[in-house]
Amino acid sequence: MRPRAPAAGVFGLCCFLLLLRPGHACPAGCTCSAPHTVDCRDRGLPSVPDPFPLDVRKLLVAGNRIQRIPEDFFIFYGDLVYLDLRNNSLRALEDGTFSGSAKLAFLDLSYNNLTQLRAGAFRSAGRLVKLSLANNRLAGVHEAAFESLESLQVLELNDNNLRSLNVAALDALPALRALRLDGNPWLCDCDFAHLFSWIQENTSKLPKGLDAIQCSLPTENRRVALRELSEASFSECKFSLSLTDLFIIIFSGVAVSIAAIISSFFLATVVQCFQRCTPNKDTEDEDEDEED
């Protein structure tokens, strides 16, 4: 006769299976009234609630005290399409945070404490359509921060601490339709020249237009709207070279000079050897006269 499993073990297994069933296990203090939606807004949560239905598609956790997104979060909740993390305490996005987020389309990280965006910060979130990073403390955005976001249409970078932005970060977004850049302390120096050219060519993508974006002039203690500037305002930057450019030019010049010297020495050696090995015509004529 097969032994029976203890009643406590069977009960525990049943509870565990119920937690894993889609549509169940709503976090304490949250509501799951709408299908595939978990609403945990303004609950004072110190971390992302867990567990909740595995088939969740819309997670609302705005207005809490969340400081980080678990690295394996999207591995368990890969069906998420909408994630609202507004008004929390996020300080950084760890590498691999969005691994498994293949279905995520809307991500709101506004009103947090993010200061930097590293390369590939949103890698694996290739279906993102809207990304809000507004009202953070961003002071730097890596040129490869938005790589793989080929479907992104709306990007909000407004109201941060950005003084410059590499155009390569925007060139990685072929589907971009709307970009918020207002509310940043832009510095209109030579580093800003490329971004200014991009803005001039893509004014239609700025919801609030050029008037909403201001920058500080390096030579004057005042801020001006971009509409007051033109390409001529950055004319002195066209021939300016960065320190890296100067090193490259100097190194290239030295390398070419050394190569030219080596080549000249090699050719001279070859010519000298050729002359020594080739019989002299006058000597041949004298030898013929002696024989006669």
# chains A, B, ... in the order shown; residues from 1 in each chain; ligands from 1
>>> residues_around(residues="region 224-229 of chain A", least_positions_apart="5", cutoff="7 Å", atoms="only C-alpha atoms", output="ChimeraX atom specification")
/A:210-216
>>> residues_around(residues="Leu85 (chain A)", least_positions_apart="2", cutoff="9 Å", atoms="only C-alpha atoms", output="list in words")
Leu59, Leu60, Val61, Ala62, Gly63, Asn64, Ile66, Leu83, Asn87, Asn88, Leu90, Leu107, Asp108, Leu109, Ser110, Tyr111 and Asn112 of chain A
>>> select_by_dssp(residues="region 27-192 of chain A", states="alpha helix (DSSP H)", output="ChimeraX atom specification")
/A:73-76,167-171
>>> atom_distance(atom1="CA of Arg118 (chain A)", atom2="CA of Leu187 (chain A)")
21.4 Å
>>> atom_distance(atom1="CA of Asn166 (chain A)", atom2="CA of Cys237 (chain A)")
15.7 Å
>>> residues_around(residues="Asp171 (chain A)", least_positions_apart="4", cutoff="10 Å", atoms="only C-alpha atoms", output="PyMOL selection string")
chain A and resi 143-144+146-147+166-167+175-176+198
>>> closest_residue(among="A:Gly29, A:Ala168, A:Lys205, A:Ser197", to="Arg180 (chain A)", atoms="only C-alpha atoms")
A:Lys205
>>> select_by_dssp(residues="region 91-285 of chain A", states="strand (DSSP E)", output="list in words")
Phe106, Leu107, Asp108, Gln116, Leu117, Lys130, Leu131, Ser132, Gly140, Val141, Val154, Leu155, Glu156, Ala178, Leu179, Arg180, Trp186, Leu187, Gln214, Cys215, Ser216, Arg223, Val224 and Ala225 of chain A
>>> write_last_selection(atoms="C-alpha atoms", output="PDB file, in the first residue's frame")
ATOM      1  CA  PHE A 106       5.420  51.832 -21.514  1.00  0.00           C
ATOM      2  CA  LEU A 107       7.928  52.666 -18.758  1.00  0.00           C
ATOM      3  CA  ASP A 108       7.583  55.658 -16.443  1.00  0.00           C
ATOM      4  CA  GLN A 116      23.416  58.624 -14.725  1.00  0.00           C
ATOM      5  CA  LEU A 117      22.352  56.369 -17.599  1.00  0.00           C
ATOM      6  CA  LYS A 130       7.345  55.436 -24.421  1.00  0.00           C
ATOM      7  CA  LEU A 131      10.084  56.083 -21.854  1.00  0.00           C
ATOM      8  CA  SER A 132       9.797  58.864 -19.282  1.00  0.00           C
ATOM      9  CA  GLY A 140      24.997  62.282 -17.819  1.00  0.00           C
ATOM     10  CA  VAL A 141      23.581  60.007 -20.527  1.00  0.00           C
ATOM     11  CA  VAL A 154       8.401  59.120 -27.042  1.00  0.00           C
ATOM     12  CA  LEU A 155      11.384  60.014 -24.849  1.00  0.00           C
ATOM     13  CA  GLU A 156      11.130  62.450 -21.930  1.00  0.00           C
ATOM     14  CA  ALA A 178       8.532  63.214 -29.571  1.00  0.00           C
ATOM     15  CA  LEU A 179      11.441  64.353 -27.392  1.00  0.00           C
ATOM     16  CA  ARG A 180      11.288  66.513 -24.250  1.00  0.00           C
ATOM     17  CA  TRP A 186      22.040  73.324 -21.116  1.00  0.00           C
ATOM     18  CA  LEU A 187      25.372  75.024 -21.744  1.00  0.00           C
ATOM     19  CA  GLN A 214      17.093  77.524 -22.918  1.00  0.00           C
ATOM     20  CA  CYS A 215      20.851  77.440 -22.522  1.00  0.00           C
ATOM     21  CA  SER A 216      23.570  79.460 -20.837  1.00  0.00           C
ATOM     22  CA  ARG A 223      20.189  82.245 -20.493  1.00  0.00           C
ATOM     23  CA  VAL A 224      18.660  82.436 -23.941  1.00  0.00           C
ATOM     24  CA  ALA A 225      16.026  80.437 -25.802  1.00  0.00           C
TER      25      ALA A 225
END
>>> closest_residue(among="A:Ala119, A:Ala169, A:Lys58, A:Leu149", to="Ala102 (chain A)", atoms="only C-alpha atoms")
A:Leu149
>>> closest_residue(among="A:Val129, A:Leu181, A:Ala25, A:Leu93", to="Val56 (chain A)", atoms="only C-alpha atoms")
A:Ala25
